[in-house]
Amino acid sequence: RLKTVMIMKLILDNKKKNNCSSALKKIIPEGAVVNSYAFYDGSMEFSLASSRRFVNAVTSSFPVYNFWMCLTHDPERLYEMVSSDQLKFEGEEVFSILQDMWHTHKSPFIKASLFFIMNRCSSNGSISSGEIDYERLTPVAISKLKSFYIPEDFHLSYVNSKLTVSQQINESTPESYNLIPAGDFNYGLFEHGKSVAAEETRINHRELMDLCKTNSKVALVYNYDQRVVSSFKDHRVIL
């Protein structure tokens with residue numbers, strides 16, 4: 001019998017709002033290998049991995065990798081640190097300072113705790129940006145750390161940030177499916193030299209457009225934008 005597993009949303013991501021797991025399951029068959037890039041909150045990846053798809057997720061952000069590894073290996077310790085008074089802070093000024101340096105802490109578990117706390121407290125679901133909103137860090141949200149379930153068929157890897165998503169996909173096997181949660185679309189006209197936050201992965205949308213012209217099995221997940229529909233008009237577009 002199949003086990004029914006409820007995957008709770010642990011990390012917030014207001015930049016990539018589209019959880020289209022049900023549509024992806026119609027495209028990607030059971031038993032398939034799915035390579036997911038720019039991994040962050042895991043909503044789609046965990047859903048696929050809990051329904052007989054083998055998900056190999058990749059992130060080029062070490063703080064993202066660090067958080068999920070700490071949660072995987074010792075969720076009780078992470079819960080105790082987040083719920084203790086040790087990492088409590090007050091005021092916009094302290095929050096703003098932490099947004100610049102949270103990822104530089106040497107302790108993996110303090111770094112992971114700040115990742116969770118600041119993600120929950122940020123008004124936009126980011127960590128290195130957004131205004132503080134304490135009401136989002138509720139006891140219920142914190143308690144999810146103890147009960148969160150990471151599916152057995154899910155694996156997370158960290159890769160060098162110098163490798164683009166396209167380069168990573170070119171190294172994948174032809175039989176596998178490649179999933180990219182791409183967020184908001186842009187033509188990338190002014191992206192050169194622009195920095196990204198420690199928890200973010202740079203997405204080159206022009207490269208993704210070229211990637212769709214190859215023989216690789218690629219599924220791009222965008223927030224709705226008419227430019228996406230027109231830019232990928234020669235490909236299968238599901239709204």
# chains A, B, ... in the order shown; residues from 1 in each chain; ligands from 1
>>> residues_around(residues="stretch 107-116 of chain A", least_positions_apart="6", cutoff="10 Å", atoms="only C-alpha atoms", output="PDB file with C-alpha atoms, in the first residue's frame")
ATOM      1  CA  LEU A  10       8.541  24.767   6.307  1.00  0.00           C
ATOM      2  CA  ILE A  11      10.369  27.536   4.450  1.00  0.00           C
ATOM      3  CA  LEU A  12       8.549  30.486   2.886  1.00  0.00           C
ATOM      4  CA  PRO A  63      23.544  28.355   3.425  1.00  0.00           C
ATOM      5  CA  VAL A  64      20.519  26.652   1.823  1.00  0.00           C
ATOM      6  CA  TYR A  65      22.375  23.329   1.740  1.00  0.00           C
ATOM      7  CA  ASN A  66      23.529  23.850   5.334  1.00  0.00           C
ATOM      8  CA  PHE A  67      19.987  24.436   6.629  1.00  0.00           C
ATOM      9  CA  TRP A  68      18.511  21.297   5.088  1.00  0.00           C
ATOM     10  CA  MET A  69      21.478  19.168   6.172  1.00  0.00           C
ATOM     11  CA  CYS A  70      21.183  20.369   9.782  1.00  0.00           C
ATOM     12  CA  LEU A  71      17.446  19.657   9.707  1.00  0.00           C
ATOM     13  CA  ASP A  74      19.492  16.672  13.985  1.00  0.00           C
ATOM     14  CA  ARG A  77      18.800  20.304  18.110  1.00  0.00           C
ATOM     15  CA  LEU A  78      17.674  22.787  15.462  1.00  0.00           C
ATOM     16  CA  TYR A  79      14.257  23.061  17.109  1.00  0.00           C
ATOM     17  CA  GLU A  80      15.770  23.682  20.543  1.00  0.00           C
ATOM     18  CA  MET A  81      18.022  26.449  19.219  1.00  0.00           C
ATOM     19  CA  VAL A  82      15.255  28.196  17.291  1.00  0.00           C
ATOM     20  CA  SER A  83      12.825  28.041  20.239  1.00  0.00           C
ATOM     21  CA  GLN A  86      19.726  32.475  22.573  1.00  0.00           C
ATOM     22  CA  LEU A  87      18.927  33.764  19.085  1.00  0.00           C
ATOM     23  CA  LYS A  88      16.077  36.145  19.880  1.00  0.00           C
ATOM     24  CA  LEU A  98      21.770  40.225  10.593  1.00  0.00           C
ATOM     25  CA  GLN A  99      20.551  40.346   6.993  1.00  0.00           C
ATOM     26  CA  MET A 101      26.039  38.802   8.083  1.00  0.00           C
ATOM     27  CA  SER A 126      13.700  36.249   1.729  1.00  0.00           C
ATOM     28  CA  ILE A 127      16.428  36.254   4.353  1.00  0.00           C
ATOM     29  CA  SER A 128      18.838  38.929   3.190  1.00  0.00           C
ATOM     30  CA  LEU A 137       7.400  33.314  13.567  1.00  0.00           C
ATOM     31  CA  ALA A 141       5.819  27.244  12.589  1.00  0.00           C
ATOM     32  CA  ILE A 142       8.683  26.439  14.971  1.00  0.00           C
ATOM     33  CA  LEU A 145      11.017  21.592  12.693  1.00  0.00           C
ATOM     34  CA  GLU A 199      20.452  32.213  -0.145  1.00  0.00           C
TER      35      GLU A 199
END
>>> residues_around(residues="A:Ser51", least_positions_apart="2", cutoff="12 Å", atoms="only C-alpha atoms", output="PyMOL selection string")
chain A and resi 2-7+21-22+24-26+28-33+44-49+53-55+151-154
>>> select_by_dssp(residues="stretch 124-192 of chain A", states="helix (DSSP H, G or I)", output="PDB file with N, CA, C and O atoms, in the first residue's frame")
ATOM      1  N   TYR A 134       7.473  39.954  13.121  1.00  0.00           N
ATOM      2  CA  TYR A 134       7.596  38.927  14.156  1.00  0.00           C
ATOM      3  C   TYR A 134       6.403  37.974  14.189  1.00  0.00           C
ATOM      4  O   TYR A 134       6.527  36.818  14.597  1.00  0.00           O
ATOM      5  N   GLU A 135       5.232  38.440  13.757  1.00  0.00           N
ATOM      6  CA  GLU A 135       4.025  37.621  13.869  1.00  0.00           C
ATOM      7  C   GLU A 135       4.097  36.365  13.004  1.00  0.00           C
ATOM      8  O   GLU A 135       3.357  35.414  13.221  1.00  0.00           O
ATOM      9  N   ARG A 136       4.994  36.361  12.043  1.00  0.00           N
ATOM     10  CA  ARG A 136       5.123  35.195  11.154  1.00  0.00           C
ATOM     11  C   ARG A 136       5.876  34.043  11.817  1.00  0.00           C
ATOM     12  O   ARG A 136       5.769  32.895  11.387  1.00  0.00           O
ATOM     13  N   PRO A 139       4.658  29.742  17.228  1.00  0.00           N
ATOM     14  CA  PRO A 139       5.004  28.447  17.837  1.00  0.00           C
ATOM     15  C   PRO A 139       4.680  27.271  16.930  1.00  0.00           C
ATOM     16  O   PRO A 139       5.393  26.261  16.930  1.00  0.00           O
ATOM     17  N   VAL A 140       3.604  27.384  16.158  1.00  0.00           N
ATOM     18  CA  VAL A 140       3.230  26.310  15.231  1.00  0.00           C
ATOM     19  C   VAL A 140       4.296  26.151  14.149  1.00  0.00           C
ATOM     20  O   VAL A 140       4.687  25.031  13.792  1.00  0.00           O
ATOM     21  N   ALA A 141       4.778  27.291  13.620  1.00  0.00           N
ATOM     22  CA  ALA A 141       5.819  27.244  12.589  1.00  0.00           C
ATOM     23  C   ALA A 141       7.093  26.607  13.134  1.00  0.00           C
ATOM     24  O   ALA A 141       7.724  25.772  12.469  1.00  0.00           O
ATOM     25  N   ILE A 142       7.471  26.981  14.360  1.00  0.00           N
ATOM     26  CA  ILE A 142       8.683  26.439  14.971  1.00  0.00           C
ATOM     27  C   ILE A 142       8.535  24.945  15.240  1.00  0.00           C
ATOM     28  O   ILE A 142       9.474  24.161  15.049  1.00  0.00           O
ATOM     29  N   SER A 143       7.347  24.517  15.649  1.00  0.00           N
ATOM     30  CA  SER A 143       7.129  23.101  15.974  1.00  0.00           C
ATOM     31  C   SER A 143       7.266  22.204  14.749  1.00  0.00           C
ATOM     32  O   SER A 143       7.525  20.996  14.874  1.00  0.00           O
ATOM     33  N   LYS A 144       7.123  22.773  13.549  1.00  0.00           N
ATOM     34  CA  LYS A 144       7.254  21.981  12.324  1.00  0.00           C
ATOM     35  C   LYS A 144       8.663  21.414  12.164  1.00  0.00           C
ATOM     36  O   LYS A 144       8.862  20.420  11.470  1.00  0.00           O
ATOM     37  N   LEU A 145       9.642  22.075  12.796  1.00  0.00           N
ATOM     38  CA  LEU A 145      11.017  21.592  12.693  1.00  0.00           C
ATOM     39  C   LEU A 145      11.153  20.171  13.236  1.00  0.00           C
ATOM     40  O   LEU A 145      11.942  19.372  12.733  1.00  0.00           O
ATOM     41  N   LYS A 146      10.389  19.855  14.284  1.00  0.00           N
ATOM     42  CA  LYS A 146      10.481  18.528  14.897  1.00  0.00           C
ATOM     43  C   LYS A 146       9.745  17.467  14.094  1.00  0.00           C
ATOM     44  O   LYS A 146      10.141  16.297  14.093  1.00  0.00           O
ATOM     45  N   SER A 147       8.671  17.850  13.438  1.00  0.00           N
ATOM     46  CA  SER A 147       7.818  16.861  12.773  1.00  0.00           C
ATOM     47  C   SER A 147       7.972  16.838  11.257  1.00  0.00           C
ATOM     48  O   SER A 147       7.316  16.055  10.579  1.00  0.00           O
ATOM     49  N   VAL A 165      23.086  26.784 -14.409  1.00  0.00           N
ATOM     50  CA  VAL A 165      22.071  25.738 -14.458  1.00  0.00           C
ATOM     51  C   VAL A 165      22.179  24.948 -15.758  1.00  0.00           C
ATOM     52  O   VAL A 165      22.073  23.722 -15.778  1.00  0.00           O
ATOM     53  N   SER A 166      22.424  25.645 -16.857  1.00  0.00           N
ATOM     54  CA  SER A 166      22.553  24.977 -18.157  1.00  0.00           C
ATOM     55  C   SER A 166      23.720  23.995 -18.167  1.00  0.00           C
ATOM     56  O   SER A 166      23.611  22.889 -18.695  1.00  0.00           O
ATOM     57  N   GLN A 167      24.845  24.402 -17.587  1.00  0.00           N
ATOM     58  CA  GLN A 167      26.006  23.513 -17.536  1.00  0.00           C
ATOM     59  C   GLN A 167      25.716  22.273 -16.696  1.00  0.00           C
ATOM     60  O   GLN A 167      26.132  21.167 -17.043  1.00  0.00           O
ATOM     61  N   GLN A 168      24.998  22.454 -15.606  1.00  0.00           N
ATOM     62  CA  GLN A 168      24.647  21.320 -14.755  1.00  0.00           C
ATOM     63  C   GLN A 168      23.727  20.352 -15.491  1.00  0.00           C
ATOM     64  O   GLN A 168      23.885  19.135 -15.402  1.00  0.00           O
ATOM     65  N   ILE A 169      22.762  20.897 -16.221  1.00  0.00           N
ATOM     66  CA  ILE A 169      21.819  20.054 -16.960  1.00  0.00           C
ATOM     67  C   ILE A 169      22.530  19.306 -18.081  1.00  0.00           C
ATOM     68  O   ILE A 169      22.217  18.135 -18.370  1.00  0.00           O
ATOM     69  N   ASN A 170      23.501  19.945 -18.711  1.00  0.00           N
ATOM     70  CA  ASN A 170      24.249  19.288 -19.788  1.00  0.00           C
ATOM     71  C   ASN A 170      25.013  18.071 -19.284  1.00  0.00           C
ATOM     72  O   ASN A 170      25.345  17.171 -20.064  1.00  0.00           O
TER      73      ASN A 170
END
>>> select_by_dssp(residues="stretch 76-223 of chain A", states="strand (DSSP E or B)", output="CSV table (one decimal) with N, CA, C and O atoms, in the first residue's frame")
chain,number,residue,atom,x,y,z
A,122,SER,N,10.8,37.5,7.8
A,122,SER,CA,10.9,38.5,6.7
A,122,SER,C,9.6,38.7,6.0
A,122,SER,O,8.9,37.7,5.8
A,132,ILE,N,11.0,43.3,8.9
A,132,ILE,CA,10.8,42.3,9.9
A,132,ILE,C,9.3,42.3,10.3
A,132,ILE,O,8.6,43.3,10.3
A,154,PHE,N,14.4,11.6,-1.8
A,154,PHE,CA,14.9,12.9,-2.0
A,154,PHE,C,16.4,13.0,-1.6
A,154,PHE,O,16.8,12.5,-0.5
A,155,HIS,N,17.2,13.6,-2.4
A,155,HIS,CA,18.6,13.8,-2.1
A,155,HIS,C,19.0,15.2,-2.6
A,155,HIS,O,18.7,15.7,-3.6
A,156,LEU,N,19.8,15.9,-1.7
A,156,LEU,CA,20.2,17.3,-1.9
A,156,LEU,C,21.8,17.3,-2.1
A,156,LEU,O,22.5,16.7,-1.2
A,157,SER,N,22.2,18.1,-3.1
A,157,SER,CA,23.7,18.2,-3.3
A,157,SER,C,24.0,19.7,-3.4
A,157,SER,O,23.1,20.5,-3.8
A,158,TYR,N,25.2,20.0,-3.0
A,158,TYR,CA,25.7,21.4,-3.2
A,158,TYR,C,26.7,21.4,-4.3
A,158,TYR,O,27.6,20.5,-4.4
A,177,TYR,N,14.6,13.9,-16.0
A,177,TYR,CA,13.9,15.1,-16.1
A,177,TYR,C,14.6,16.2,-15.3
A,177,TYR,O,15.1,16.0,-14.3
A,178,ASN,N,14.5,17.4,-15.9
A,178,ASN,CA,15.2,18.6,-15.3
A,178,ASN,C,14.2,19.6,-14.9
A,178,ASN,O,13.5,20.2,-15.8
A,179,LEU,N,14.1,19.9,-13.6
A,179,LEU,CA,13.1,20.9,-13.1
A,179,LEU,C,13.8,22.1,-12.6
A,179,LEU,O,14.8,22.1,-11.8
A,180,ILE,N,13.3,23.3,-13.1
A,180,ILE,CA,13.9,24.6,-12.6
A,180,ILE,C,12.8,25.5,-12.1
A,180,ILE,O,12.0,26.0,-12.9
A,181,PRO,N,12.7,25.7,-10.8
A,181,PRO,CA,11.8,26.7,-10.3
A,181,PRO,C,12.3,28.1,-10.6
A,181,PRO,O,13.2,28.6,-9.9
A,182,ALA,N,11.9,28.7,-11.7
A,182,ALA,CA,12.6,29.9,-12.2
A,182,ALA,C,12.0,31.2,-11.7
A,182,ALA,O,12.6,32.3,-11.9
A,183,GLY,N,10.9,31.2,-11.0
A,183,GLY,CA,10.4,32.5,-10.4
A,183,GLY,C,9.9,33.5,-11.4
A,183,GLY,O,9.2,33.1,-12.3
A,217,LYS,N,15.1,16.9,-21.3
A,217,LYS,CA,13.7,17.0,-20.7
A,217,LYS,C,13.7,18.1,-19.7
A,217,LYS,O,14.2,17.9,-18.6
A,218,VAL,N,13.1,19.2,-20.0
A,218,VAL,CA,13.2,20.4,-19.1
A,218,VAL,C,11.8,20.8,-18.8
A,218,VAL,O,10.9,21.0,-19.7
A,219,ALA,N,11.5,21.1,-17.5
A,219,ALA,CA,10.3,21.7,-17.0
A,219,ALA,C,10.7,23.0,-16.3
A,219,ALA,O,11.4,22.9,-15.3
A,220,LEU,N,10.2,24.1,-16.8
A,220,LEU,CA,10.5,25.4,-16.1
A,220,LEU,C,9.2,25.8,-15.4
A,220,LEU,O,8.1,25.8,-16.0
A,221,VAL,N,9.3,26.3,-14.2
A,221,VAL,CA,8.2,26.8,-13.4
A,221,VAL,C,8.3,28.2,-13.2
A,221,VAL,O,9.2,28.7,-12.5
A,222,TYR,N,7.4,29.0,-13.8
A,222,TYR,CA,7.5,30.5,-13.7
A,222,TYR,C,6.2,31.0,-13.0
A,222,TYR,O,5.2,30.4,-13.0
>>> residues_around(residues="stretch 202-207 of chain A", least_positions_apart="2", cutoff="8 Å", atoms="only C-alpha atoms", output="ChimeraX atom specification")
/A:165-166,182,185-188,196,200,209-211
>>> write_last_selection(atoms="C-alpha atoms", output="mmCIF file, in the first residue's frame")
data_model
loop_
_atom_site.group_PDB
_atom_site.id
_atom_site.type_symbol
_atom_site.label_atom_id
_atom_site.label_comp_id
_atom_site.auth_asym_id
_atom_site.auth_seq_id
_atom_site.Cartn_x
_atom_site.Cartn_y
_atom_site.Cartn_z
ATOM 1 C CA VAL A 165 22.071 25.738 -14.458
ATOM 2 C CA SER A 166 22.553 24.977 -18.157
ATOM 3 C CA ALA A 182 12.551 29.926 -12.223
ATOM 4 C CA PHE A 185 10.769 36.106 -15.707
ATOM 5 C CA ASN A 186 13.058 38.766 -17.133
ATOM 6 C CA TYR A 187 15.080 39.139 -20.318
ATOM 7 C CA GLY A 188 18.318 39.548 -18.357
ATOM 8 C CA VAL A 196 22.651 37.852 -5.555
ATOM 9 C CA GLU A 200 19.691 32.838 -3.817
ATOM 10 C CA MET A 209 15.209 29.714 -23.388
ATOM 11 C CA ASP A 210 18.141 28.178 -25.290
ATOM 12 C CA LEU A 211 18.042 25.090 -23.082
#
